[in-house]
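Below: the structure, in structure tokens.
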Amino acid sequence: DDGRVRLVFATRMNLVKLATSATVDASLAAARASRIVTVTPRMEAGPNGMVLHIPLDAGYGIETMPADNIPRA
């Protein structure tokens, strides 16, 4: 979040999701217990600029995110 490293959106979101677990075992258990949800981000213009939309039930804790500073590859 402090801008020192630029990550592709999918990588960043997966790291955020992994960070909710304290251990590798907890992360694996959470993954096994989670339903697999296909995530295809949809970009559109919002009132304050471009935003990405992803399914909330994918488990990333967000549904929209400002897209102005997101690396695209």
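In the structure tokens, chains take letters A, B, ... by order of appearance, with residues numbered from 1 within each chain and ligands from 1 in the order shown.
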- Message: Which residues are near Thr64 (chain A)? Cut-off 7 Å, only C-alpha atoms, ignore same chain within fewer than 2 positions. Put them as a list in words.
- Response: Val51, Leu52, His53, Ile54, Ile62 and Pro66 of chain A
- Message: Quick one: residues within 10 Å of region 33-46 of chain A, only C-alpha atoms, excluding same-chain residues fewer than 4 positions away - as a PyMOL selection string?
- Response: chain A and resi 9-10+27-29+50-59+63-67
- Task: Write down as a VMD selection string the residues of region 8-51 of chain A whose backbone DSSP state falls under helix (DSSP H, G or I).
- Result: chain A and resid 9 to 18 24 to 33
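Nearest to Leu18 (chain A) of all the residues A:Asp68, A:Asn48, A:Ala31, A:Asp2 is A:Ala31, counting only C-alpha atoms.
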